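Data block for work-v3.tsv (TSV, C-alpha atoms):
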```
chain	number	residue	atom	x	y	z
A	1	MET	CA	-40.95	4.66	-45.79
A	2	SER	CA	-42.62	2.88	-48.68
A	3	GLU	CA	-44.61	-0.18	-47.74
A	4	ARG	CA	-46.25	-3.10	-49.54
A	5	THR	CA	-48.22	-6.01	-48.17
A	6	ALA	CA	-47.58	-8.40	-51.08
A	7	PRO	CA	-45.18	-8.46	-54.03
A	8	ALA	CA	-47.73	-8.06	-56.83
A	9	ALA	CA	-45.02	-7.64	-59.49
A	10	PRO	CA	-41.26	-8.06	-59.67
A	11	LEU	CA	-39.47	-5.27	-57.87
A	12	ARG	CA	-36.13	-3.64	-58.58
A	13	ALA	CA	-35.31	-4.38	-54.97
A	14	ARG	CA	-37.14	-5.30	-51.79
A	15	ALA	CA	-36.56	-5.63	-48.11
A	16	GLU	CA	-38.79	-8.47	-46.96
A	17	ILE	CA	-39.76	-8.09	-43.32
A	18	ASP	CA	-40.87	-11.30	-41.61
A	19	LEU	CA	-43.20	-10.22	-38.82
A	20	ALA	CA	-43.59	-13.79	-37.57
A	21	ALA	CA	-39.84	-13.83	-36.93
A	22	LEU	CA	-40.12	-10.53	-35.09
A	23	ARG	CA	-42.92	-11.82	-32.88
A	24	ALA	CA	-40.91	-14.96	-32.13
A	25	ASN	CA	-37.90	-12.82	-31.24
A	26	VAL	CA	-39.94	-10.79	-28.77
A	27	ARG	CA	-41.18	-13.98	-27.14
A	28	ALA	CA	-37.61	-15.29	-26.95
A	29	LEU	CA	-36.41	-12.06	-25.36
A	30	ARG	CA	-39.22	-12.20	-22.81
A	31	ALA	CA	-37.98	-15.68	-21.90
A	32	HIS	CA	-34.45	-14.33	-21.44
A	33	ALA	CA	-35.77	-11.79	-18.92
A	34	PRO	CA	-38.77	-13.51	-17.32
A	35	GLY	CA	-38.94	-11.15	-14.35
A	36	ALA	CA	-38.94	-7.95	-16.37
A	37	ALA	CA	-41.19	-6.20	-18.84
A	38	VAL	CA	-39.88	-5.80	-22.41
A	39	MET	CA	-39.54	-2.52	-24.24
A	40	ALA	CA	-39.23	-3.03	-28.00
A	41	VAL	CA	-37.09	-0.19	-29.32
A	42	VAL	CA	-38.39	0.98	-32.71
A	43	LYS	CA	-36.25	4.06	-33.24
A	44	SER	CA	-34.93	4.91	-36.72
A	45	GLU	CA	-37.90	3.22	-38.41
A	46	ALA	CA	-37.37	0.11	-36.28
A	47	TYR	CA	-33.71	-0.12	-37.26
A	48	GLY	CA	-34.75	0.18	-40.90
A	49	HIS	CA	-37.52	-2.41	-40.75
A	50	GLY	CA	-40.53	-0.05	-40.53
A	51	ALA	CA	-41.61	1.41	-37.20
A	52	VAL	CA	-45.39	1.04	-37.24
A	53	PRO	CA	-45.70	-2.56	-38.54
A	54	CYS	CA	-42.87	-3.71	-36.28
A	55	ALA	CA	-44.28	-1.90	-33.25
A	56	ARG	CA	-47.66	-3.55	-33.78
A	57	ALA	CA	-46.05	-6.98	-34.12
A	58	ALA	CA	-43.93	-6.46	-31.01
A	59	VAL	CA	-46.93	-5.42	-28.92
A	60	ALA	CA	-48.89	-8.41	-30.22
A	61	ALA	CA	-46.06	-10.66	-29.02
A	62	GLY	CA	-46.06	-9.23	-25.51
A	63	ALA	CA	-43.82	-6.15	-25.52
A	64	SER	CA	-45.49	-3.89	-22.96
A	65	TRP	CA	-43.43	-0.80	-23.84
A	66	LEU	CA	-42.23	0.81	-27.06
A	67	GLY	CA	-39.14	2.99	-27.18
A	68	THR	CA	-37.92	5.65	-29.60
A	69	ALA	CA	-35.05	8.08	-29.63
A	70	THR	CA	-36.83	11.25	-30.75
A	71	PRO	CA	-40.20	12.58	-29.63
A	72	GLU	CA	-41.23	12.89	-33.27
A	73	GLU	CA	-40.81	9.14	-33.68
A	74	ALA	CA	-42.93	8.50	-30.60
A	75	LEU	CA	-45.64	10.94	-31.69
A	76	ALA	CA	-45.80	9.19	-35.08
A	77	LEU	CA	-46.52	5.88	-33.31
A	78	ARG	CA	-49.36	7.52	-31.37
A	79	ALA	CA	-50.73	9.07	-34.56
A	80	ALA	CA	-50.77	5.58	-36.10
A	81	GLY	CA	-52.93	4.35	-33.23
A	82	LEU	CA	-50.33	2.51	-31.13
A	83	PRO	CA	-51.65	2.30	-27.55
A	84	GLY	CA	-49.85	1.70	-24.28
A	85	ARG	CA	-46.57	2.97	-22.95
A	86	ILE	CA	-44.20	4.73	-25.34
A	87	MET	CA	-40.96	6.32	-24.17
A	88	CYS	CA	-38.69	8.76	-26.00
A	89	TRP	CA	-35.34	10.01	-24.75
A	90	LEU	CA	-33.45	12.25	-27.17
A	91	TRP	CA	-34.56	15.82	-26.54
A	92	THR	CA	-33.18	19.21	-27.48
A	93	PRO	CA	-34.28	22.59	-26.10
A	94	GLY	CA	-37.64	23.71	-27.41
A	95	GLY	CA	-38.71	20.15	-28.23
A	96	PRO	CA	-42.39	19.24	-28.48
A	97	TRP	CA	-42.89	18.72	-24.74
A	98	ARG	CA	-46.54	19.71	-24.64
A	99	GLU	CA	-47.43	17.46	-27.58
A	100	ALA	CA	-45.64	14.60	-25.85
A	101	ILE	CA	-47.49	15.21	-22.60
A	102	GLU	CA	-50.84	15.37	-24.37
A	103	ALA	CA	-50.00	12.12	-26.19
A	104	ASP	CA	-49.29	10.38	-22.86
A	105	LEU	CA	-45.66	9.67	-23.72
A	106	ASP	CA	-43.01	8.95	-21.13
A	107	VAL	CA	-40.26	11.52	-21.62
A	108	SER	CA	-36.67	11.28	-20.46
A	109	VAL	CA	-34.94	14.07	-18.58
A	110	SER	CA	-31.16	14.21	-18.16
A	111	GLY	CA	-30.63	17.74	-16.85
A	112	MET	CA	-32.21	20.75	-15.27
A	113	TRP	CA	-32.95	22.59	-18.52
A	114	ALA	CA	-35.12	19.68	-19.69
A	115	LEU	CA	-36.93	19.39	-16.37
A	116	GLU	CA	-37.72	23.09	-16.44
A	117	GLU	CA	-39.08	22.85	-19.99
A	118	VAL	CA	-41.25	19.81	-19.30
A	119	VAL	CA	-42.64	21.42	-16.13
A	120	GLU	CA	-43.56	24.56	-18.07
A	121	ALA	CA	-45.23	22.45	-20.75
A	122	ALA	CA	-47.19	20.53	-18.12
A	123	ARG	CA	-48.52	23.82	-16.76
A	124	GLY	CA	-49.67	24.75	-20.25
A	125	ALA	CA	-51.23	21.36	-20.88
A	126	ASP	CA	-52.90	21.39	-17.46
A	127	ARG	CA	-51.93	17.76	-16.92
A	128	PRO	CA	-48.92	16.06	-15.36
A	129	ALA	CA	-46.03	14.86	-17.48
A	130	ARG	CA	-44.71	11.31	-17.23
A	131	VAL	CA	-40.99	11.75	-16.67
A	132	GLN	CA	-38.11	9.30	-16.45
A	133	LEU	CA	-34.86	10.54	-14.95
A	134	LYS	CA	-31.77	9.32	-16.78
A	135	ALA	CA	-28.54	8.73	-14.90
A	136	ASP	CA	-25.12	8.85	-16.53
A	137	THR	CA	-23.52	5.85	-14.85
A	138	GLY	CA	-20.44	5.91	-17.05
A	139	LEU	CA	-21.38	5.98	-20.74
A	140	GLY	CA	-20.66	9.69	-20.94
A	141	ARG	CA	-23.46	10.58	-23.35
A	142	ASN	CA	-26.90	11.67	-22.20
A	143	GLY	CA	-27.86	11.39	-18.55
A	144	CYS	CA	-27.31	13.27	-15.31
A	145	GLN	CA	-23.99	12.98	-13.52
A	146	PRO	CA	-23.96	11.34	-10.06
A	147	GLY	CA	-23.39	13.49	-7.00
A	148	ASP	CA	-24.62	17.05	-6.70
A	149	ASP	CA	-26.17	17.18	-10.19
A	150	TRP	CA	-28.27	14.05	-9.54
A	151	ALA	CA	-29.29	15.31	-6.10
A	152	ALA	CA	-30.43	18.62	-7.57
A	153	LEU	CA	-32.36	16.96	-10.40
A	154	VAL	CA	-34.10	14.53	-8.03
A	155	ARG	CA	-34.96	17.36	-5.64
A	156	ALA	CA	-36.44	19.49	-8.42
A	157	ALA	CA	-38.40	16.56	-9.86
A	158	LEU	CA	-39.89	15.74	-6.46
A	159	ARG	CA	-40.85	19.38	-5.97
A	160	ALA	CA	-42.64	19.40	-9.35
A	161	GLU	CA	-44.29	16.08	-8.51
A	162	ALA	CA	-45.59	17.54	-5.26
A	163	GLU	CA	-47.13	20.37	-7.27
A	164	GLY	CA	-48.91	17.86	-9.50
A	165	LEU	CA	-46.90	18.82	-12.60
A	166	LEU	CA	-45.23	15.50	-13.24
A	167	ARG	CA	-44.98	11.90	-12.17
A	168	VAL	CA	-41.55	10.30	-11.99
A	169	THR	CA	-42.31	7.03	-13.74
A	170	GLY	CA	-38.80	5.69	-14.17
A	171	LEU	CA	-35.12	5.79	-13.31
A	172	TRP	CA	-32.79	4.55	-16.01
A	173	SER	CA	-29.37	4.44	-17.59
A	174	HIS	CA	-27.46	2.84	-20.47
A	175	PHE	CA	-24.41	0.57	-20.67
A	176	ALA	CA	-21.24	1.43	-22.54
A	177	CYS	CA	-19.78	-2.07	-22.96
A	178	ALA	CA	-22.50	-4.65	-22.33
A	179	ASP	CA	-21.54	-6.28	-25.63
A	180	GLU	CA	-18.08	-7.06	-24.17
A	181	PRO	CA	-18.63	-9.67	-21.44
A	182	GLY	CA	-16.34	-9.18	-18.48
A	183	HIS	CA	-15.53	-5.56	-19.29
A	184	PRO	CA	-14.89	-3.83	-15.95
A	185	SER	CA	-17.21	-0.95	-16.82
A	186	ILE	CA	-20.22	-3.28	-16.64
A	187	ALA	CA	-19.96	-3.99	-12.93
A	188	ALA	CA	-18.93	-0.40	-12.28
A	189	GLN	CA	-21.98	0.99	-14.06
A	190	LEU	CA	-24.30	-1.42	-12.29
A	191	GLY	CA	-22.90	-0.27	-8.95
A	192	VAL	CA	-23.34	3.40	-9.81
A	193	PHE	CA	-26.87	2.76	-11.07
A	194	ARG	CA	-27.88	0.98	-7.88
A	195	ASP	CA	-26.47	3.84	-5.83
A	196	MET	CA	-28.23	6.51	-7.86
A	197	VAL	CA	-31.53	4.62	-7.73
A	198	ALA	CA	-31.16	4.11	-3.98
A	199	TYR	CA	-30.51	7.81	-3.49
A	200	ALA	CA	-33.57	8.83	-5.52
A	201	GLU	CA	-35.80	6.33	-3.77
A	202	GLY	CA	-34.41	7.41	-0.42
A	203	GLN	CA	-35.52	10.94	-1.24
A	204	GLY	CA	-39.03	9.75	-2.02
A	205	VAL	CA	-39.04	8.85	-5.72
A	206	ARG	CA	-41.33	5.88	-6.39
A	207	PRO	CA	-40.61	4.81	-9.97
A	208	GLU	CA	-42.76	2.33	-11.84
A	209	VAL	CA	-39.70	0.97	-13.64
A	210	ARG	CA	-35.93	0.95	-13.20
A	211	HIS	CA	-33.97	-0.08	-16.28
A	212	ILE	CA	-30.46	-0.23	-17.68
A	213	ALA	CA	-30.37	-3.41	-19.81
A	214	ASN	CA	-30.04	-3.10	-23.59
A	215	SER	CA	-30.02	-6.04	-26.01
A	216	PRO	CA	-26.66	-7.54	-24.97
A	217	ALA	CA	-27.43	-7.11	-21.29
A	218	THR	CA	-30.84	-8.69	-21.77
A	219	LEU	CA	-29.14	-11.74	-23.29
A	220	THR	CA	-26.15	-12.09	-20.97
A	221	LEU	CA	-26.57	-10.08	-17.74
A	222	PRO	CA	-29.61	-11.21	-15.75
A	223	GLU	CA	-28.46	-9.12	-12.77
A	224	SER	CA	-29.11	-6.01	-14.90
A	225	HIS	CA	-32.73	-6.74	-15.80
A	226	PHE	CA	-34.42	-4.86	-12.94
A	227	ASP	CA	-38.06	-4.04	-13.90
A	228	LEU	CA	-37.68	-3.51	-17.66
A	229	VAL	CA	-35.30	-4.46	-20.46
A	230	ARG	CA	-34.89	-2.40	-23.63
A	231	THR	CA	-34.37	-4.64	-26.64
A	232	GLY	CA	-33.30	-2.94	-29.82
A	233	ILE	CA	-31.26	-4.85	-32.39
A	234	ALA	CA	-32.11	-8.24	-30.86
A	235	THR	CA	-35.79	-7.61	-31.59
A	236	TYR	CA	-34.88	-7.78	-35.27
A	237	GLY	CA	-33.02	-11.06	-34.89
A	238	ILE	CA	-29.47	-9.72	-35.03
A	239	SER	CA	-26.88	-10.53	-32.41
A	240	PRO	CA	-25.63	-7.37	-30.69
A	241	SER	CA	-22.12	-8.71	-30.97
A	242	PRO	CA	-20.69	-11.75	-32.78
A	243	GLU	CA	-18.50	-12.37	-29.73
A	244	LEU	CA	-21.63	-12.99	-27.67
A	245	GLY	CA	-23.05	-15.56	-30.07
A	246	THR	CA	-25.05	-15.91	-33.24
A	247	PRO	CA	-28.74	-15.08	-33.42
A	248	ALA	CA	-29.52	-18.81	-33.32
A	249	ASP	CA	-27.51	-19.13	-30.09
A	250	PHE	CA	-30.08	-16.84	-28.46
A	251	GLY	CA	-33.16	-18.26	-30.17
A	252	LEU	CA	-33.45	-15.30	-32.54
A	253	ARG	CA	-34.07	-15.10	-36.27
A	254	PRO	CA	-33.14	-12.19	-38.56
A	255	VAL	CA	-36.25	-10.35	-39.72
A	256	MET	CA	-35.03	-8.59	-42.88
A	257	THR	CA	-34.06	-10.14	-46.21
A	258	LEU	CA	-32.65	-7.69	-48.76
A	259	SER	CA	-32.75	-8.72	-52.41
A	260	ALA	CA	-32.82	-7.27	-55.91
A	261	SER	CA	-33.53	-8.38	-59.46
A	262	LEU	CA	-30.53	-8.50	-61.76
A	263	ALA	CA	-30.87	-5.65	-64.23
A	264	LEU	CA	-28.43	-7.02	-66.77
A	265	VAL	CA	-26.22	-10.05	-67.43
A	266	LYS	CA	-23.55	-9.72	-70.10
A	267	HIS	CA	-20.39	-11.31	-71.46
A	268	VAL	CA	-17.13	-9.38	-71.22
A	269	PRO	CA	-13.57	-10.27	-72.21
A	270	GLY	CA	-10.59	-10.63	-69.94
A	271	GLY	CA	-8.91	-7.38	-68.93
A	272	HIS	CA	-12.23	-5.51	-68.80
A	273	GLY	CA	-12.46	-2.79	-66.14
A	274	VAL	CA	-15.52	-2.77	-63.90
A	275	SER	CA	-17.13	0.26	-62.22
A	276	TYR	CA	-15.56	3.57	-61.19
A	277	GLY	CA	-11.80	3.72	-60.99
A	278	HIS	CA	-11.38	0.25	-62.53
A	279	ARG	CA	-10.47	-1.14	-59.12
A	280	TYR	CA	-11.61	-4.48	-60.49
A	281	VAL	CA	-10.44	-5.90	-63.81
A	282	THR	CA	-11.66	-9.25	-65.12
A	283	ARG	CA	-9.02	-11.96	-65.13
A	284	GLY	CA	-10.49	-13.65	-68.18
A	285	ALA	CA	-13.66	-13.86	-70.24
A	286	THR	CA	-16.59	-13.93	-67.86
A	287	THR	CA	-20.15	-12.78	-67.24
A	288	LEU	CA	-21.11	-9.77	-65.17
A	289	GLY	CA	-24.38	-9.22	-63.36
A	290	LEU	CA	-25.73	-5.77	-62.58
A	291	VAL	CA	-27.45	-5.41	-59.19
A	292	PRO	CA	-29.64	-2.28	-59.09
A	293	LEU	CA	-28.81	-1.24	-55.54
A	294	GLY	CA	-26.19	1.27	-54.44
A	295	TYR	CA	-25.08	3.51	-51.66
A	296	ALA	CA	-28.16	5.70	-52.16
A	297	ASP	CA	-30.13	2.63	-51.07
A	298	GLY	CA	-27.86	2.00	-48.10
A	299	VAL	CA	-25.40	-0.48	-49.58
A	300	PRO	CA	-22.16	0.63	-47.94
A	301	ARG	CA	-19.51	1.92	-50.34
A	302	HIS	CA	-16.98	0.55	-47.85
A	303	ALA	CA	-18.10	-2.92	-49.00
A	304	SER	CA	-16.74	-2.32	-52.49
A	305	SER	CA	-14.90	-5.42	-53.75
A	306	ALA	CA	-15.95	-7.23	-50.59
A	307	GLY	CA	-19.73	-7.39	-50.11
A	308	PRO	CA	-21.21	-10.89	-50.59
A	309	VAL	CA	-24.28	-11.62	-52.73
A	310	LEU	CA	-26.09	-14.91	-53.40
A	311	VAL	CA	-27.04	-15.47	-57.06
A	312	GLU	CA	-28.34	-18.84	-58.24
A	313	GLY	CA	-27.11	-20.62	-55.13
A	314	LYS	CA	-23.55	-19.28	-55.23
A	315	TRP	CA	-21.87	-16.55	-53.20
A	316	ARG	CA	-20.56	-13.79	-55.42
A	317	THR	CA	-18.52	-10.79	-54.37
A	318	ILE	CA	-19.01	-7.19	-55.46
A	319	ALA	CA	-16.67	-6.49	-58.38
A	320	GLY	CA	-15.19	-3.04	-57.93
A	321	ARG	CA	-16.80	-0.01	-56.42
A	322	VAL	CA	-20.37	0.32	-55.21
A	323	ALA	CA	-21.96	3.21	-57.12
A	324	MET	CA	-24.89	5.36	-56.07
A	325	ASP	CA	-27.57	3.18	-57.67
A	326	GLN	CA	-25.89	-0.08	-58.67
A	327	PHE	CA	-23.00	-2.47	-58.32
A	328	VAL	CA	-21.62	-5.38	-60.33
A	329	VAL	CA	-20.89	-8.99	-59.44
A	330	ASP	CA	-18.63	-11.29	-61.43
A	331	LEU	CA	-20.72	-14.37	-62.24
A	332	GLY	CA	-17.72	-16.38	-63.39
A	333	GLY	CA	-19.31	-17.48	-66.66
A	334	ASP	CA	-22.69	-18.43	-65.18
A	335	GLU	CA	-25.61	-17.02	-67.14
A	336	PRO	CA	-28.65	-16.31	-64.98
A	337	ALA	CA	-31.40	-14.47	-66.75
A	338	ALA	CA	-32.01	-10.77	-66.25
A	339	GLY	CA	-34.48	-10.55	-63.41
A	340	ALA	CA	-32.87	-13.39	-61.46
A	341	GLU	CA	-32.79	-12.82	-57.72
A	342	ALA	CA	-29.66	-11.47	-56.04
A	343	VAL	CA	-29.88	-11.82	-52.25
A	344	LEU	CA	-27.61	-9.48	-50.31
A	345	PHE	CA	-28.52	-10.73	-46.85
A	346	GLY	CA	-31.16	-12.61	-44.90
A	347	PRO	CA	-31.44	-15.21	-42.13
A	348	GLY	CA	-28.84	-17.38	-43.86
A	349	ASP	CA	-30.83	-20.59	-44.04
A	350	ARG	CA	-30.89	-20.57	-47.87
A	351	GLY	CA	-27.15	-20.14	-47.93
A	352	GLU	CA	-27.41	-16.39	-48.35
A	353	PRO	CA	-25.12	-13.95	-46.53
A	354	THR	CA	-26.31	-12.36	-43.31
A	355	ALA	CA	-26.20	-8.76	-42.13
A	356	GLU	CA	-23.24	-9.79	-39.98
A	357	ASP	CA	-21.40	-10.98	-43.10
A	358	TRP	CA	-21.96	-7.54	-44.62
A	359	ALA	CA	-20.80	-5.86	-41.42
A	360	GLN	CA	-17.56	-7.82	-41.59
A	361	ALA	CA	-17.13	-6.90	-45.27
A	362	ALA	CA	-17.70	-3.20	-44.58
A	363	GLY	CA	-15.78	-2.98	-41.31
A	364	THR	CA	-18.83	-1.97	-39.30
A	365	ILE	CA	-21.60	-3.52	-37.19
A	366	ALA	CA	-24.78	-5.25	-38.30
A	367	TYR	CA	-26.87	-2.49	-36.66
A	368	GLU	CA	-25.65	-0.10	-39.34
A	369	ILE	CA	-26.21	-2.51	-42.22
A	370	VAL	CA	-29.97	-2.87	-41.62
A	371	THR	CA	-30.62	0.64	-40.33
A	372	ARG	CA	-29.13	2.37	-43.36
A	373	ILE	CA	-31.32	0.62	-45.98
A	374	GLY	CA	-32.98	3.59	-47.64
A	375	THR	CA	-36.49	4.62	-48.51
A	376	ARG	CA	-36.15	3.71	-52.21
A	377	VAL	CA	-36.25	0.07	-51.14
A	378	PRO	CA	-39.87	-1.02	-50.53
A	379	ARG	CA	-40.53	-2.91	-47.31
A	380	VAL	CA	-42.60	-5.98	-48.09
A	381	TYR	CA	-44.28	-7.34	-44.97
A	382	VAL	CA	-44.94	-11.06	-44.73
A	383	ASN	CA	-46.60	-13.17	-42.03
A	384	GLU	CA	-48.53	-10.18	-40.75
A	385	GLU	CA	-51.20	-12.30	-39.10
A	386	GLN	CA	-50.59	-13.35	-35.51
A	387	ASP	CA	-49.37	-16.92	-35.12
A	388	GLY	CA	-51.86	-19.59	-34.14
```
Write the structure described by the file as structure tokens, please.
Amino acid sequence: MSERTAPAAPLRARAEIDLAALRANVRALRAHAPGAAVMAVVKSEAYGHGAVPCARAAVAAGASWLGTATPEEALALRAAGLPGRIMCWLWTPGGPWREAIEADLDVSVSGMWALEEVVEAARGADRPARVQLKADTGLGRNGCQPGDDWAALVRAALRAEAEGLLRVTGLWSHFACADEPGHPSIAAQLGVFRDMVAYAEGQGVRPEVRHIANSPATLTLPESHFDLVRTGIATYGISPSPELGTPADFGLRPVMTLSASLALVKHVPGGHGVSYGHRYVTRGATTLGLVPLGYADGVPRHASSAGPVLVEGKWRTIAGRVAMDQFVVDLGGDEPAAGAEAVLFGPGDRGEPTAEDWAQAAGTIAYEIVTRIGTRVPRVYVNEEQDG
């Protein structure tokens, strides 16, 4: 991912990443879960914001764990010099177990094949692996099923621990519907998790951390906090669900502002088709502005004729289809100069749209809006120095 520390010259487009906002978000999330440690999840390049700079900012603000999906993501953090506890959980057979062990990563195990591979890697590395056992409490994705499968996995892990090949550092799971307050699966999953933890501990497992809370659970379900909360999208100042509240409701501030410089402003007559398929035709004489961002940069094509953009203090709407590298807005006769700023989304305090506004326009969730912003868009980091 391209990276700049200061905008030395006008850019075609930029994703400004406010690290002071990120640090403040981490502190706010710590306050929401005062009895638990915070894991800042920085998978997928920190949800599109840039993994290494965001990880450093999160740790500076008090996150005591970092989390990634893939081991490669976690190893990249170690290679960049990130210290402390880093956990990764999405493994496939033949994954880099030994490299993870040698990098002192916490690795997640959901089934017997993974336990067998990590034990073999620990033998080769001649050092114990740090292993967290994942329980499927009802999400139906990764994780070990309760009952006989969980009993067998716990038994095998304890046997390997007795041989000095691993240390069971955690027991964990993941919610299916924590972003839907009152959903019956929430209480059901909590009950299953408590039972599976109790079974493992009754067999002799002594985990450092037990955790199930994601961003929405961190914000709304204190009974789910246990020893550690995993904060993903909330770290970046985005509400995990508009039904739960706005970012401001939770003391959070969006971290990314996506903008571009208008590449062209021109007069066109009424009845003029705009972009592929002429799904938009001007109603009368007007001005069009060309925004040099497209679906190759992560602007969703599904937001064609719907995505909002702020230009010279006014909300504009994409005119016609989003193309690979560009889209058009109807400026309604206004005549900003080429190079004028077009803001797609940001915190919203300058009147600009937010990532949630784009999610509504594209029929998706704000997670996807920020995560999909591509590598052609430079990340410009501001407020890198620690506050105070």
Discussion item. For Gly294 (chain A), find every residue with an atom within 7 Å (counting only C-alpha atoms), except residues of its own chain fewer than 4 positions away, and show them as a PyMOL selection string.
Written reply: chain A and resi 298-299+322-327
Could the residues in this selection be written to a file with C-alpha atoms, as an mmCIF file, in the frame of the given file?
```cif
data_model
loop_
_atom_site.group_PDB
_atom_site.id
_atom_site.type_symbol
_atom_site.label_atom_id
_atom_site.label_comp_id
_atom_site.auth_asym_id
_atom_site.auth_seq_id
_atom_site.Cartn_x
_atom_site.Cartn_y
_atom_site.Cartn_z
ATOM 1 C CA GLY A 298 -27.860 2.000 -48.100
ATOM 2 C CA VAL A 299 -25.400 -0.480 -49.580
ATOM 3 C CA VAL A 322 -20.370 0.320 -55.210
ATOM 4 C CA ALA A 323 -21.960 3.210 -57.120
ATOM 5 C CA MET A 324 -24.890 5.360 -56.070
ATOM 6 C CA ASP A 325 -27.570 3.180 -57.670
ATOM 7 C CA GLN A 326 -25.890 -0.080 -58.670
ATOM 8 C CA PHE A 327 -23.000 -2.470 -58.320
#
```
Report as a short mmCIF file (atom, residue, chain, number, x, y, z; two decimals) with C-alpha atoms, in the frame of the given file all protein, DNA and RNA residues lying within 9 Å of Ala359 (chain A), evaluated on all atoms listed in the file, omitting residues in the same chain fewer than 4 positions from it.
```
data_model
loop_
_atom_site.label_atom_id
_atom_site.label_comp_id
_atom_site.auth_asym_id
_atom_site.auth_seq_id
_atom_site.Cartn_x
_atom_site.Cartn_y
_atom_site.Cartn_z
CA ALA A 303 -18.10 -2.92 -49.00
CA GLY A 307 -19.73 -7.39 -50.11
CA THR A 354 -26.31 -12.36 -43.31
CA ALA A 355 -26.20 -8.76 -42.13
CA GLY A 363 -15.78 -2.98 -41.31
CA THR A 364 -18.83 -1.97 -39.30
CA ILE A 365 -21.60 -3.52 -37.19
CA ALA A 366 -24.78 -5.25 -38.30
CA TYR A 367 -26.87 -2.49 -36.66
CA GLU A 368 -25.65 -0.10 -39.34
CA ILE A 369 -26.21 -2.51 -42.22
#
```
Discussion item. What's around region 38-47 of chain A at 7 Å? Count all atoms listed in the file, leave out sequence neighbours fewer than 5 positions away in its own chain, and write the answer as JSON, numbers by chain.
Written reply: {"A": [30, 54, 55, 58, 63, 64, 65, 66, 67, 68, 69, 73, 228, 229, 230, 231, 232, 235, 370, 371]}
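With all atoms listed in the file as the basis for measurement, A:Arg321 is the residue among A:Leu82, A:Ala15, A:Arg23, A:Arg321 that approaches Tyr295 (chain A) most closely.
For the choices A:Ala103, A:Ala187, A:Ala296, A:Leu262, the atom-to-atom distance to Arg12 (chain A) is smallest for A:Leu262 when using all atoms listed in the file.
Atom pair CA of His183 (chain A) / CA of Ala151 (chain A): separated by 28.3 Å.
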Discussion item. Residues within 6 Å of Val255 (chain A), please, as a ChimeraX atom specification. Count all atoms listed in the file; anything in the same chain fewer than 3 positions from it doesn't count.
Written reply: /A:17-18,21,236-237
Take the residues just selected and output them with C-alpha atoms as a PDB file, in the frame of the given file.
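The result, written out as part.pdb:
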```
ATOM      1  CA  ILE A  17     -39.760  -8.090 -43.320  1.00  0.00           C
ATOM      2  CA  ASP A  18     -40.870 -11.300 -41.610  1.00  0.00           C
ATOM      3  CA  ALA A  21     -39.840 -13.830 -36.930  1.00  0.00           C
ATOM      4  CA  TYR A 236     -34.880  -7.780 -35.270  1.00  0.00           C
ATOM      5  CA  GLY A 237     -33.020 -11.060 -34.890  1.00  0.00           C
TER       6      GLY A 237
END
```
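Each of A:Val382, A:Leu11, A:Val131, A:Val329 was checked against Leu288 (chain A) using all atoms listed in the file; the smallest atom-to-atom distance is that of A:Val329.
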Practice prompt. Please provide as a VMD selection string all residues within 7 Å of region 334-347 of chain A, with the sequence filter that same-chain residues fewer than 6 positions apart are discarded (counting only C-alpha atoms).
Written response: chain A and resid 253 to 254 256 to 265 287 308 to 311 353 to 355
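Here CA of Glu223 (chain A) stands at a distance of 17.6 Å from CA of Phe250 (chain A).
In terms of minimum interatomic distance to Ala152 (chain A), A:Leu133 ranks closest within A:Ala61, A:Val26, A:Leu290, A:Leu133, counting all atoms listed in the file.
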Response to the item:
The residue from A:Pro300, A:Pro146, A:Pro83, A:Gly348 with the smallest atom-to-atom distance to Ile238 (chain A), counting only C-alpha atoms, is A:Gly348
